2 protein chains.
Amino acid sequence: MSARTQDDGLYFLPLGGSGEIGMNLNLYKTEGTWLMVDCGISFADNYLPGIDLIMPNTNYIEQRRDKLAGLIITHAHEDHVGALVHLWPRFRCPVYATPFTMILIRLKLGAAGLLDQVPLIEVPLEGRVDVGPFTVDFLSLTHSIPEPNAVRITTKAGTIFHTGDWKLDPDPLVGVKTDAARMTQMGDEGVLALVCDSTNVFNTTASGSESKVRENITRILSEKKGKVFCATFSSNVARVDTLAQAARQNGREICLVGRSLKRNVAAAREAGYLKDFPNMVHERDAGYLPNEKILYICTGCQGEARAALMRIAEGNNRDLVISRGDTVIFSSKIIPGNEITIGRLHNMLVDMGAEVITEKDAFVHVSGHPGQSELKQMYDWIRPDILVPVHGELRHMQKQAEFGRASGIREAIVPRNGTLIRLAPGPAQIVEYADVGRFALDGHFLIPAEDQAIVTRRRILYNGALVIALTVDGSGEFLAAPKITNLGNPEAGIDNFETVIIEAIFAAVRKLTTKQRTEDNRLGEATRAAARKAAKIYTGKETGPVTTVTITRIEEY
Amino acid sequence: MSARTQDDGLYFLPLGGSGEIGMNLNLYKTEGTWLMVDCGISFADNYLPGIDLIMPNTNYIEQRRDKLAGLIITHAHEDHVGALVHLWPRFRCPVYATPFTMILIRLKLGAAGLLDQVPLIEVPLEGRVDVGPFTVDFLSLTHSIPEPNAVRITTKAGTIFHTGDWKLDPDPLVGVKTDAARMTQMGDEGVLALVCDSTNVFNTTASGSESKVRENITRILSEKKGKVFCATFSSNVARVDTLAQAARQNGREICLVGRSLKRNVAAAREAGYLKDFPNMVHERDAGYLPNEKILYICTGCQGEARAALMRIAEGNNRDLVISRGDTVIFSSKIIPGNEITIGRLHNMLVDMGAEVITEKDAFVHVSGHPGQSELKQMYDWIRPDILVPVHGELRHMQKQAEFGRASGIREAIVPRNGTLIRLAPGPAQIVEYADVGRFALDGHFLIPAEDQAIVTRRRILYNGALVIALTVDGSGEFLAAPKITNLGNPEAGIDNFETVIIEAIFAAVRKLTTKQRTEDNRLGEATRAAARKAAKIYTGKETGPVTTVTITRIEEY
């Protein structure tokens, strides 16, 4: 126990998701015991080139893993569950989730060879579990995936209402409408702190209903004569059902294209959803149907290179082609950072003669996060003493804090990854800053985002590299010309790059004393500095290449 | 002259800007002579990591430069003039521009040491020049920089109306309102082809007026008590004037922060604009004014690392700080691709306690490109036989072609970079595909975007590099252990990376025959393949590192 925490207090510590949208990982502590809520992953952005996936650095909780009672997964989105297979071996605690989420967790763990190691506890919808000193109630909300849960966490020191990702859909189509009476009851029973999704706090309107999307897509399909392709997020089972029902209304068969879509639909059916889902046509057979009789539901709404829609656009799907008169609907938002990639895909589709319809053209997508009016409703139900905005960049969290205070909540405190916040006793305040950071998945290693391997690669991206192998005798005389390996320096000058570098090395080494040439450090550094400078002048770059020197000394032969 | 072109025809060939927004470079040809319109640059996106600036590959016109009569620069935006200093030495023709544009061209050429080499012909506003067989009339439009010109290009084979970048601002504040009578006259005199900006064709409404922006910013300033910082595009002189006048109305002094802003304001004043511009306070002195008495106008609205606003946000401006109660207005759009960078800047500013206002919060920016109603007005004025959409991605150009046909234009043809289009005689059609591509500015070299240097750096970004130096005798016996240089491979395994690689090399070389070891090719390839495979297994990556081997043979000593 830290000197600044006390056993009878209640604490909150996010390791991910506070100050960013993605890789949620939250910790609660009371009576010396920790509870983790969610364990998510993010896509790396242009600040970490060469890396695809990142996740929270969990060193802090690894050091305290004997005090970690369990991990609650609120829902099956990657930014809440995607890091489980990578990080679980580091803290090895029981994992709790509702049935649909648990089906997908089992698939993930199975693929990673971890299924027989992880204690899994399936919790029924609206169920309750005791995890150490925490009593956890699961409450069904609405979002963009089946079984999005809020959790009420009751402790002796106070009660947390942790929303997870949510919105209020008056007509959600898959799953149930949020139970206003039960939410009011939660508030009546008393909540110390509301830990709440900030994603859409800048939206002054409510996010809207899936049923409106269904109406629009049904209408659009009725107007189209060619093949229609629709890309969406594969875990958005309600949307997939929307597309399937819209197709049925218009006499179109459906064909799912992309593995993750098939996996999610299968999981949803296994969990008892999609009971009225139409039969599906296989890709191989769909081409035999008339154009106006088929709707392809595809992965790849973000322009992902390996997903179905990009592969079709590139002509790499052997069964499916897009041609003039076809329509491609993006029933999705553009995730910030993907604008260029998605724009390029749009251009490819237009080039093939397709009409492209996005949420800018028609209401074909609805968000899964709460706008201001929904937040206000949640505050009115829960009536917390303290608001803790999470799931947002700093600007989103700050905005929700302001909005919450303006809505009458007494206290609001904005966390950052690594802030240990005491929620009780006394006013909410940061009492400790934990070491945090990010792990990057690089091959099969999790390395810190600032690891030398990543730094070196990023440097080479701009400045190239230069490796020089010297072979000398004991006194430092060259036994052969230095070997120059040029990695990524443009060789566009009038002079030969290699010759320029070798001459610079010879000139530098000539200036060394006989004794200096016998010392690897002196010989190597003189060579490195001269070669790097010569390369810098040759290429005209402000910074020279990453330059390394190896020395092989053959003392006698 | 190509076999497929004829001297009495009129041809259009874009080398840049058709199929992308950026790096405009257009060529017209008649009577065996070429005319270039604009010579622009682009920022490289995430498809060309490690490169900042790109521009059209001009090999095609370089090979015909004796037939290139001149280069018209329509206006001074970088995507129209930025490549001049890099490309002009390759084709060396006279350059024509109006006064404000010419001031900035002179500054650029001076900085590049080219001022005394380039023949510059300044054209007055609404002026006319003869360039070989082309008679070029300059016509003032409105845009987001002083002196945006359309050019009417009259030839014996027909007349082109090339719009450049434009919008219709009923109240432009700097420069003049578009002269409807003169535009109608252009149409009356007959135009074969309208070559027209497609950027905002998806906007169903008109772009709006600068004077509305002025009203809004004046109002916002009246509500603020703290310091106000406003970032905008530095070449948008009307916007800078808007900010200055809004400050004056609210009793605030102005201070320009950032070199390009000062350069543009100075150029505008030299060209006779901004006659009523208030005096400016220097950064060093501005801090002595009360917070409510100063407006800082800053560069860096796109979050550029070296521009004023980011430097202030990072605490790297010695005179200026942002603190609680201050306001930062982004009087600008987000250029696609910059979302993450700008979002990060917003978060930094919020973290300092500032309020951030963008065009999402208030009408503090207006676009400089035409929406559909403005395009329709242009079509009605010019009444061309042929519409040639340019300045757009494919989807924008296709959309304008559709819109133009629906608006009654007889023909519309969508160009791509490299399509040589015959506009006359006969129907417009592509008659040749010229080799095109992009040059990347890498240090001081212009290299093809697909150059090996760039490809290698991109490979290393994901997969790292591995350089092995062997020192062997004539028979291939090792005289020393191989020297391993690891560039960017994570060394996170239980085994030592270098040891793993050396053991793999030894094992591979042992399998070679005595004769094979005497051959550098065989020895090198066996080493390379073994090392790369071992590294791939070690790191768990699908693709091994960029691996190279050098061999130093010491025959006798």
# chains A, B, ... in the order shown; residues from 1 in each chain; ligands from 1
$ interface_residues --of "chain A" --to "chain B" --cutoff "6 Å" --atoms "only C-alpha atoms" --output "PyMOL selection string"
chain A and resi 50+337+340+347+350+394-395+443-444+453+456-457+461-462+488-490+539-541
$ residues_around --residues "B:Ala308" --least-positions-apart "3" --cutoff "8 Å" --atoms "only C-alpha atoms" --output "list in words"
Val257, Gly258, Cys298, Thr299, Gly300, Arg311, Ile312 and Asn317 of chain B
$ write_last_selection --atoms "C-alpha atoms" --output "mmCIF file, in the first residue's frame"
data_model
loop_
_atom_site.group_PDB
_atom_site.id
_atom_site.type_symbol
_atom_site.label_atom_id
_atom_site.label_comp_id
_atom_site.auth_asym_id
_atom_site.auth_seq_id
_atom_site.Cartn_x
_atom_site.Cartn_y
_atom_site.Cartn_z
ATOM 1 C CA VAL B 257 3.627 35.696 -34.792
ATOM 2 C CA GLY B 258 5.359 33.603 -37.448
ATOM 3 C CA CYS B 298 -0.319 33.141 -35.495
ATOM 4 C CA THR B 299 0.914 30.700 -38.097
ATOM 5 C CA GLY B 300 0.379 27.011 -37.461
ATOM 6 C CA ARG B 311 5.923 26.520 -30.499
ATOM 7 C CA ILE B 312 3.857 28.594 -28.076
ATOM 8 C CA ASN B 317 8.314 30.953 -27.461
#
$ residues_around --residues "stretch 104-118 of chain A" --least-positions-apart "5" --cutoff "12 Å" --atoms "only C-alpha atoms" --output "PyMOL selection string"
chain A and resi 39+70-78+80-99+145-147+235+260+263-268+270-271+444
$ residues_around --residues "stretch 273-288 of chain B" --least-positions-apart "4" --cutoff "6 Å" --atoms "only C-alpha atoms" --output "mmCIF file with N, CA and C atoms, in the first residue's frame"
data_model
loop_
_atom_site.group_PDB
_atom_site.id
_atom_site.type_symbol
_atom_site.label_atom_id
_atom_site.label_comp_id
_atom_site.auth_asym_id
_atom_site.auth_seq_id
_atom_site.Cartn_x
_atom_site.Cartn_y
_atom_site.Cartn_z
ATOM 1 N N ILE B 254 -2.756 44.325 -32.276
ATOM 2 C CA ILE B 254 -2.442 43.048 -32.904
ATOM 3 C C ILE B 254 -0.935 42.811 -32.922
ATOM 4 N N CYS B 255 -0.609 41.516 -32.892
ATOM 5 C CA CYS B 255 0.785 41.109 -32.938
ATOM 6 C C CYS B 255 0.853 39.898 -33.870
ATOM 7 N N ALA B 268 1.629 41.982 -49.283
ATOM 8 C CA ALA B 268 0.321 42.571 -49.584
ATOM 9 C C ALA B 268 0.389 44.093 -49.544
ATOM 10 N N ARG B 269 1.108 44.622 -48.546
ATOM 11 C CA ARG B 269 1.213 46.079 -48.443
ATOM 12 C C ARG B 269 2.031 46.634 -49.595
ATOM 13 N N ASP B 319 8.579 34.787 -25.415
ATOM 14 C CA ASP B 319 7.778 35.934 -25.014
ATOM 15 C C ASP B 319 6.318 35.609 -24.727
#
$ select_by_dssp --residues "stretch 11-190 of chain B" --states "strand (DSSP E)" --output "NGL selection string"
:B and (11-16 or 25-30 or 33-37 or 42-43 or 53-56 or 68-72 or 95-97 or 120-122 or 128-131 or 134-140 or 149-155 or 158-162)
$ closest_residue --among "A:Ile501, A:Val195, A:Ala206, A:Ala244" --to "A:Ala530" --atoms "only C-alpha atoms"
A:Ile501
$ atom_distance --atom1 "atom CA of B:Leu221" --atom2 "atom CA of B:Thr358"
13.9 Å
$ residues_around --residues "A:Gly303" --least-positions-apart "2" --cutoff "8 Å" --atoms "only C-alpha atoms" --output "PyMOL selection string"
chain A and resi 300-301+305+307+309-310+338+341-342+345
$ atom_distance --atom1 "atom CA of A:Lys376" --atom2 "atom CA of A:Ile160"
17.7 Å
$ decode --residues "stretch 271-321 of chain B" --atoms "N, CA and C atoms" --output "short mmCIF file (atom, residue, chain, number, x, y, z; two decimals), in the first residue's frame"
data_model
loop_
_atom_site.label_atom_id
_atom_site.label_comp_id
_atom_site.auth_asym_id
_atom_site.auth_seq_id
_atom_site.Cartn_x
_atom_site.Cartn_y
_atom_site.Cartn_z
N ALA B 271 2.14 45.45 -52.48
CA ALA B 271 1.31 45.41 -53.68
C ALA B 271 0.11 46.35 -53.58
N GLY B 272 0.03 47.10 -52.50
CA GLY B 272 -1.02 48.11 -52.40
C GLY B 272 -2.27 47.70 -51.64
N TYR B 273 -2.22 46.52 -51.00
CA TYR B 273 -3.37 46.10 -50.19
C TYR B 273 -3.17 46.52 -48.74
N LEU B 274 -4.16 46.26 -47.91
CA LEU B 274 -4.09 46.53 -46.47
C LEU B 274 -3.73 47.98 -46.16
N LYS B 275 -4.34 48.89 -46.89
CA LYS B 275 -3.99 50.31 -46.68
C LYS B 275 -4.47 50.80 -45.31
N ASP B 276 -5.49 50.15 -44.77
CA ASP B 276 -6.04 50.59 -43.48
C ASP B 276 -5.63 49.63 -42.35
N PHE B 277 -4.52 48.95 -42.54
CA PHE B 277 -4.10 47.94 -41.56
C PHE B 277 -3.53 48.63 -40.32
N PRO B 278 -3.93 48.20 -39.12
CA PRO B 278 -3.43 48.89 -37.91
C PRO B 278 -1.94 48.64 -37.68
N ASN B 279 -1.35 49.46 -36.85
CA ASN B 279 0.03 49.22 -36.45
C ASN B 279 0.13 47.93 -35.66
N MET B 280 1.31 47.34 -35.72
CA MET B 280 1.49 46.06 -35.05
C MET B 280 2.42 46.21 -33.85
N VAL B 281 2.15 45.40 -32.84
CA VAL B 281 3.00 45.38 -31.65
C VAL B 281 3.98 44.21 -31.82
N HIS B 282 5.19 44.39 -31.39
CA HIS B 282 6.19 43.31 -31.48
C HIS B 282 5.96 42.29 -30.36
N GLU B 283 6.27 41.01 -30.65
CA GLU B 283 6.13 39.95 -29.65
C GLU B 283 6.77 40.32 -28.31
N ARG B 284 7.93 40.94 -28.38
CA ARG B 284 8.66 41.28 -27.15
C ARG B 284 7.88 42.24 -26.27
N ASP B 285 7.08 43.12 -26.93
CA ASP B 285 6.38 44.16 -26.19
C ASP B 285 4.94 43.79 -25.83
N ALA B 286 4.38 42.83 -26.56
CA ALA B 286 2.96 42.54 -26.42
C ALA B 286 2.61 42.08 -25.01
N GLY B 287 3.55 41.39 -24.37
CA GLY B 287 3.30 40.87 -23.03
C GLY B 287 3.07 41.95 -22.00
N TYR B 288 3.47 43.18 -22.29
CA TYR B 288 3.28 44.27 -21.33
C TYR B 288 1.87 44.86 -21.39
N LEU B 289 1.12 44.46 -22.44
CA LEU B 289 -0.25 44.96 -22.55
C LEU B 289 -1.18 44.13 -21.67
N PRO B 290 -2.28 44.72 -21.19
CA PRO B 290 -3.28 43.92 -20.46
C PRO B 290 -3.82 42.82 -21.38
N ASN B 291 -4.21 41.69 -20.78
CA ASN B 291 -4.69 40.54 -21.55
C ASN B 291 -5.79 40.90 -22.54
N GLU B 292 -6.69 41.79 -22.14
CA GLU B 292 -7.85 42.07 -22.98
C GLU B 292 -7.53 43.10 -24.06
N LYS B 293 -6.23 43.45 -24.17
CA LYS B 293 -5.85 44.48 -25.13
C LYS B 293 -5.00 43.94 -26.28
N ILE B 294 -4.94 42.62 -26.42
CA ILE B 294 -4.05 42.07 -27.44
C ILE B 294 -4.69 40.90 -28.18
N LEU B 295 -4.47 40.86 -29.48
CA LEU B 295 -4.83 39.69 -30.31
C LEU B 295 -3.56 39.25 -31.02
N TYR B 296 -3.16 37.99 -30.79
CA TYR B 296 -2.03 37.42 -31.49
C TYR B 296 -2.52 36.69 -32.73
N ILE B 297 -2.01 37.04 -33.87
CA ILE B 297 -2.34 36.33 -35.12
C ILE B 297 -1.15 35.43 -35.42
N CYS B 298 -1.41 34.12 -35.50
CA CYS B 298 -0.32 33.14 -35.50
C CYS B 298 -0.33 32.25 -36.74
N THR B 299 0.82 31.80 -37.14
CA THR B 299 0.91 30.70 -38.10
C THR B 299 0.68 29.39 -37.34
N GLY B 300 0.44 28.33 -38.10
CA GLY B 300 0.38 27.01 -37.46
C GLY B 300 -1.00 26.46 -37.25
N CYS B 301 -1.98 26.89 -38.07
CA CYS B 301 -3.35 26.39 -37.90
C CYS B 301 -3.46 24.91 -38.22
N GLN B 302 -2.47 24.31 -38.87
CA GLN B 302 -2.51 22.87 -39.15
C GLN B 302 -1.66 22.08 -38.15
N GLY B 303 -1.22 22.74 -37.09
CA GLY B 303 -0.43 22.04 -36.07
C GLY B 303 1.00 21.78 -36.51
N GLU B 304 1.49 22.54 -37.49
CA GLU B 304 2.85 22.33 -37.99
C GLU B 304 3.86 22.49 -36.85
N ALA B 305 4.83 21.57 -36.81
CA ALA B 305 5.74 21.50 -35.68
C ALA B 305 6.54 22.78 -35.47
N ARG B 306 6.93 23.44 -36.55
CA ARG B 306 7.81 24.60 -36.39
C ARG B 306 7.07 25.93 -36.44
N ALA B 307 5.76 25.89 -36.60
CA ALA B 307 5.01 27.14 -36.74
C ALA B 307 4.73 27.73 -35.36
N ALA B 308 4.25 28.99 -35.39
CA ALA B 308 4.15 29.77 -34.15
C ALA B 308 3.28 29.11 -33.08
N LEU B 309 2.09 28.65 -33.46
CA LEU B 309 1.16 28.20 -32.42
C LEU B 309 1.68 26.97 -31.69
N MET B 310 2.25 26.01 -32.42
CA MET B 310 2.78 24.82 -31.76
C MET B 310 3.96 25.19 -30.87
N ARG B 311 4.78 26.12 -31.33
CA ARG B 311 5.92 26.52 -30.50
C ARG B 311 5.45 27.19 -29.20
N ILE B 312 4.40 27.98 -29.30
CA ILE B 312 3.86 28.59 -28.08
C ILE B 312 3.28 27.49 -27.17
N ALA B 313 2.52 26.57 -27.77
CA ALA B 313 1.89 25.50 -26.98
C ALA B 313 2.94 24.62 -26.30
N GLU B 314 4.09 24.48 -26.94
CA GLU B 314 5.15 23.66 -26.36
C GLU B 314 6.01 24.45 -25.36
N GLY B 315 5.69 25.74 -25.21
CA GLY B 315 6.49 26.55 -24.29
C GLY B 315 7.82 26.98 -24.89
N ASN B 316 7.92 26.96 -26.21
CA ASN B 316 9.19 27.30 -26.87
C ASN B 316 9.23 28.72 -27.43
N ASN B 317 8.24 29.54 -27.08
CA ASN B 317 8.31 30.95 -27.46
C ASN B 317 8.68 31.74 -26.20
N ARG B 318 9.77 32.46 -26.25
CA ARG B 318 10.26 33.07 -25.01
C ARG B 318 9.37 34.20 -24.51
N ASP B 319 8.58 34.79 -25.41
CA ASP B 319 7.78 35.93 -25.01
C ASP B 319 6.32 35.61 -24.73
N LEU B 320 5.81 34.54 -25.35
CA LEU B 320 4.37 34.31 -25.29
C LEU B 320 4.01 33.04 -24.53
N VAL B 321 3.02 33.15 -23.65
CA VAL B 321 2.48 31.98 -22.97
C VAL B 321 0.96 32.00 -23.06
#
